[in-house]
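J.: The file below is my_file_8.cif, mmCIF, C-alpha atoms:
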```cif
data_data
loop_
_atom_site.group_PDB
_atom_site.id
_atom_site.type_symbol
_atom_site.label_atom_id
_atom_site.label_comp_id
_atom_site.auth_asym_id
_atom_site.auth_seq_id
_atom_site.Cartn_x
_atom_site.Cartn_y
_atom_site.Cartn_z
ATOM 1 C CA MET A 286 -41.151 -12.972 -12.716
ATOM 2 C CA SER A 287 -37.465 -13.606 -12.189
ATOM 3 C CA TYR A 288 -36.965 -9.831 -12.008
ATOM 4 C CA LEU A 289 -38.642 -9.924 -8.601
ATOM 5 C CA SER A 290 -36.266 -12.475 -7.113
ATOM 6 C CA ASN A 291 -33.294 -10.135 -7.611
ATOM 7 C CA PHE A 292 -35.116 -6.941 -6.668
ATOM 8 C CA ASN A 293 -33.727 -5.070 -3.671
ATOM 9 C CA ALA A 294 -33.494 -1.494 -2.399
ATOM 10 C CA GLU A 295 -30.465 -0.730 -4.575
ATOM 11 C CA THR A 296 -32.289 -1.930 -7.688
ATOM 12 C CA GLY A 297 -35.222 0.261 -6.697
ATOM 13 C CA LYS A 298 -32.970 3.302 -6.320
ATOM 14 C CA THR A 299 -31.363 2.625 -9.698
ATOM 15 C CA ILE A 300 -34.749 2.427 -11.406
ATOM 16 C CA LEU A 301 -36.004 5.595 -9.702
ATOM 17 C CA VAL A 302 -32.862 7.480 -10.748
ATOM 18 C CA ASP A 303 -33.327 6.215 -14.324
ATOM 19 C CA ILE A 304 -36.933 7.435 -14.273
ATOM 20 C CA LEU A 305 -35.783 10.891 -13.171
ATOM 21 C CA LYS A 306 -33.071 10.954 -15.849
ATOM 22 C CA THR A 307 -35.610 9.966 -18.492
ATOM 23 C CA VAL A 308 -38.068 12.617 -17.309
ATOM 24 C CA ASN A 309 -35.320 15.220 -17.679
ATOM 25 C CA GLN A 310 -34.397 14.236 -21.226
ATOM 26 C CA SER A 311 -35.042 17.132 -23.585
ATOM 27 C CA GLU A 312 -38.034 15.652 -25.437
ATOM 28 C CA ASN A 313 -39.768 14.444 -22.278
ATOM 29 C CA SER A 314 -39.016 17.653 -20.436
ATOM 30 C CA LYS A 315 -40.633 19.682 -23.239
ATOM 31 C CA LYS A 316 -43.764 17.494 -23.246
ATOM 32 C CA LEU A 317 -44.108 17.766 -19.482
ATOM 33 C CA ALA A 318 -43.557 21.528 -19.479
ATOM 34 C CA GLU A 319 -46.251 21.945 -22.122
ATOM 35 C CA ALA A 320 -48.682 19.708 -20.235
ATOM 36 C CA LYS A 321 -48.017 21.626 -17.007
ATOM 37 C CA ALA A 322 -48.528 24.958 -18.764
ATOM 38 C CA ASN A 323 -51.861 23.733 -20.143
ATOM 39 C CA SER A 324 -52.888 22.526 -16.680
ATOM 40 C CA GLY A 325 -52.041 25.611 -14.681
ATOM 41 C CA LYS A 326 -52.353 24.897 -10.976
ATOM 42 C CA GLU A 327 -55.521 22.856 -11.300
ATOM 43 C CA MET A 328 -55.075 19.429 -9.709
ATOM 44 C CA ILE A 329 -57.594 17.695 -11.961
ATOM 45 C CA LYS A 330 -55.973 19.042 -15.110
ATOM 46 C CA MET A 331 -52.530 18.024 -13.806
ATOM 47 C CA MET A 332 -53.818 14.499 -13.275
ATOM 48 C CA GLN A 333 -55.373 14.478 -16.758
ATOM 49 C CA ASN A 334 -52.448 16.001 -18.639
ATOM 50 C CA VAL A 335 -49.217 15.451 -16.716
ATOM 51 C CA PHE A 336 -49.796 12.223 -14.802
ATOM 52 C CA PRO A 337 -50.299 10.049 -17.934
ATOM 53 C CA LEU A 338 -47.010 11.332 -19.388
ATOM 54 C CA VAL A 339 -45.124 10.526 -16.186
ATOM 55 C CA MET A 340 -46.798 7.104 -16.074
ATOM 56 C CA GLN A 341 -45.728 6.349 -19.645
ATOM 57 C CA ILE A 342 -42.137 7.362 -18.908
ATOM 58 C CA GLN A 343 -42.097 5.151 -15.813
ATOM 59 C CA ILE A 344 -43.502 2.199 -17.780
ATOM 60 C CA GLU A 345 -40.817 2.607 -20.442
ATOM 61 C CA VAL A 346 -38.064 2.586 -17.805
ATOM 62 C CA ILE A 347 -39.344 -0.274 -15.645
ATOM 63 C CA LYS A 348 -39.781 -2.610 -18.606
ATOM 64 C CA ASP A 349 -36.008 -2.360 -19.147
ATOM 65 C CA TYR A 350 -35.693 -3.972 -15.707
ATOM 66 C CA GLY A 351 -38.006 -6.873 -16.505
ATOM 67 C CA PHE A 352 -41.316 -5.487 -15.278
ATOM 68 C CA PRO A 353 -44.286 -5.789 -17.623
ATOM 69 C CA GLY A 354 -44.549 -2.725 -19.853
ATOM 70 C CA SER A 355 -48.083 -1.983 -18.736
ATOM 71 C CA ARG A 356 -50.069 -0.254 -16.020
ATOM 72 C CA GLU A 357 -50.107 -3.527 -14.113
ATOM 73 C CA GLY A 358 -46.316 -3.604 -14.221
ATOM 74 C CA LEU A 359 -46.184 -0.045 -12.926
ATOM 75 C CA VAL A 360 -48.610 -0.851 -10.104
ATOM 76 C CA GLN A 361 -46.446 -3.835 -9.172
ATOM 77 C CA PHE A 362 -43.309 -1.683 -9.184
ATOM 78 C CA GLU A 363 -44.974 1.055 -7.101
ATOM 79 C CA GLN A 364 -46.160 -1.455 -4.516
ATOM 80 C CA ILE A 365 -42.640 -2.787 -4.075
ATOM 81 C CA ILE A 366 -41.160 0.721 -3.899
ATOM 82 C CA ARG A 367 -43.707 1.785 -1.260
ATOM 83 C CA GLU A 368 -42.537 -1.103 0.921
ATOM 84 C CA PHE A 369 -38.890 -0.074 0.549
ATOM 85 C CA GLU A 370 -39.511 3.644 1.094
ATOM 86 C CA ARG A 371 -40.710 2.981 4.627
ATOM 87 C CA GLU A 372 -37.187 2.029 5.624
ATOM 88 C CA ASP A 373 -35.010 3.768 3.032
ATOM 89 C CA VAL A 374 -34.898 7.574 3.026
ATOM 90 C CA ASP A 375 -33.219 7.688 -0.396
ATOM 91 C CA ILE A 376 -36.046 5.737 -1.988
ATOM 92 C CA ALA A 377 -38.593 7.950 -0.228
ATOM 93 C CA ARG A 378 -36.789 11.069 -1.488
ATOM 94 C CA LEU A 379 -36.554 9.794 -5.075
ATOM 95 C CA ARG A 380 -40.201 8.752 -5.125
ATOM 96 C CA ALA A 381 -41.195 12.161 -3.738
ATOM 97 C CA GLN A 382 -39.237 13.841 -6.567
ATOM 98 C CA ILE A 383 -41.168 11.829 -9.141
ATOM 99 C CA ARG A 384 -44.503 12.550 -7.467
ATOM 100 C CA SER A 385 -43.717 16.280 -7.361
ATOM 101 C CA ILE A 386 -43.677 16.298 -11.160
ATOM 102 C CA TYR A 387 -47.406 15.630 -11.407
ATOM 103 C CA LEU A 388 -48.711 16.769 -8.016
ATOM 104 C CA PRO A 389 -48.816 20.538 -7.653
ATOM 105 C CA PRO A 390 -47.685 21.976 -4.333
ATOM 106 C CA ILE A 391 -50.409 22.244 -1.713
ATOM 107 C CA ASN A 392 -50.191 25.133 0.720
ATOM 108 C CA ILE A 393 -51.172 24.287 4.263
ATOM 109 C CA ASN A 394 -51.707 26.834 6.996
ATOM 110 C CA SER A 395 -49.967 25.049 9.867
ATOM 111 C CA THR A 396 -51.611 27.285 12.469
ATOM 112 C CA ASN A 397 -55.055 25.983 11.639
ATOM 113 C CA ASP A 398 -54.160 22.864 9.647
ATOM 114 C CA VAL A 399 -56.310 24.141 6.823
ATOM 115 C CA LEU A 400 -55.610 23.910 3.119
ATOM 116 C CA ILE A 401 -55.176 27.329 1.567
#
```
Would you mind writing the file's structure down as structure tokens?

T.:
Amino acid sequence: MSYLSNFNAETGKTILVDILKTVNQSENSKKLAEAKANSGKEMIKMMQNVFPLVMQIQIEVIKDYGFPGSREGLVQFEQIIREFEREDVDIARLRAQIRSIYLPPININSTNDVLI
């Protein structure tokens, strides 16, 4: 767990940027585009088809930084990042970019605060 002793906001930003770069690599981009096309705008299908691909990409990247290459490692990374994003707008922005890959946009009617 020595990777945790050196972990700071800058390390978090670097990892998040690497995740985004990896997502945008040609092969990964094609897989994600196909999964999104098969999912349409259905949230459940997005979570079934797109989310696992994004998770796998994240796991591959974080293991290069010493995190376990497993779901547990990803959960650990996400918990740390959530702590940092509260005080670092760049981390919050990067994390939001990653989340937007697998979470379809939700339209909200601000007049009535109702989901459309």

J.: Please indicate the distance in Å from CA of Asp375 (chain A) to CA of Lys348 (chain A), rounded to one decimal place.

T.: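 So the answer is 21.9 Å.
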
J.: I need the residue nearest Pro353 (chain A) from this list: A:Leu379, A:Ser311, A:Leu289, A:Ala294. Use all atoms listed in the file for the distance.

T.: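 Looking only at the distances to Pro353 (chain A), the closest residue turns out to be A:Leu289.
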
J.: When the PyMOL selection byres ((chain A and resi 296-307) around 7) is applied to the structure above, which residues does it catch, written out as a PyMOL selection string?

T.: chain A and resi 292-295+308-310+342-343+346-347+366+376+379-380+383

J.: What does the file look like for those residues with C-alpha atoms, as a PDB file, in the frame of the given file?

T.:
```
ATOM      1  CA  PHE A 292     -35.116  -6.941  -6.668  1.00  0.00           C
ATOM      2  CA  ASN A 293     -33.727  -5.070  -3.671  1.00  0.00           C
ATOM      3  CA  ALA A 294     -33.494  -1.494  -2.399  1.00  0.00           C
ATOM      4  CA  GLU A 295     -30.465  -0.730  -4.575  1.00  0.00           C
ATOM      5  CA  VAL A 308     -38.068  12.617 -17.309  1.00  0.00           C
ATOM      6  CA  ASN A 309     -35.320  15.220 -17.679  1.00  0.00           C
ATOM      7  CA  GLN A 310     -34.397  14.236 -21.226  1.00  0.00           C
ATOM      8  CA  ILE A 342     -42.137   7.362 -18.908  1.00  0.00           C
ATOM      9  CA  GLN A 343     -42.097   5.151 -15.813  1.00  0.00           C
ATOM     10  CA  VAL A 346     -38.064   2.586 -17.805  1.00  0.00           C
ATOM     11  CA  ILE A 347     -39.344  -0.274 -15.645  1.00  0.00           C
ATOM     12  CA  ILE A 366     -41.160   0.721  -3.899  1.00  0.00           C
ATOM     13  CA  ILE A 376     -36.046   5.737  -1.988  1.00  0.00           C
ATOM     14  CA  LEU A 379     -36.554   9.794  -5.075  1.00  0.00           C
ATOM     15  CA  ARG A 380     -40.201   8.752  -5.125  1.00  0.00           C
ATOM     16  CA  ILE A 383     -41.168  11.829  -9.141  1.00  0.00           C
TER      17      ILE A 383
END
```

J.: Name the residues in contact with Ala322 (chain A) at a cut-off of 12 Å, using all atoms listed in the file, excluding same-chain residues fewer than 5 positions from it; report them as a ChimeraX atom specification.

T.: /A:315-317,327,330-331,334-335,387,389

J.: Write the selection just made, keeping C-alpha atoms, as a tab-separated table (two decimals), in the frame of the given file?

T.:
```
chain	number	residue	atom	x	y	z
A	315	LYS	CA	-40.63	19.68	-23.24
A	316	LYS	CA	-43.76	17.49	-23.25
A	317	LEU	CA	-44.11	17.77	-19.48
A	327	GLU	CA	-55.52	22.86	-11.30
A	330	LYS	CA	-55.97	19.04	-15.11
A	331	MET	CA	-52.53	18.02	-13.81
A	334	ASN	CA	-52.45	16.00	-18.64
A	335	VAL	CA	-49.22	15.45	-16.72
A	387	TYR	CA	-47.41	15.63	-11.41
A	389	PRO	CA	-48.82	20.54	-7.65
```

J.: Which residue gives the smallest distance to Gln341 (chain A) among A:Ala381, A:Asn313, A:Phe362, A:Glu370, with only C-alpha atoms counted?

T.: A:Asn313
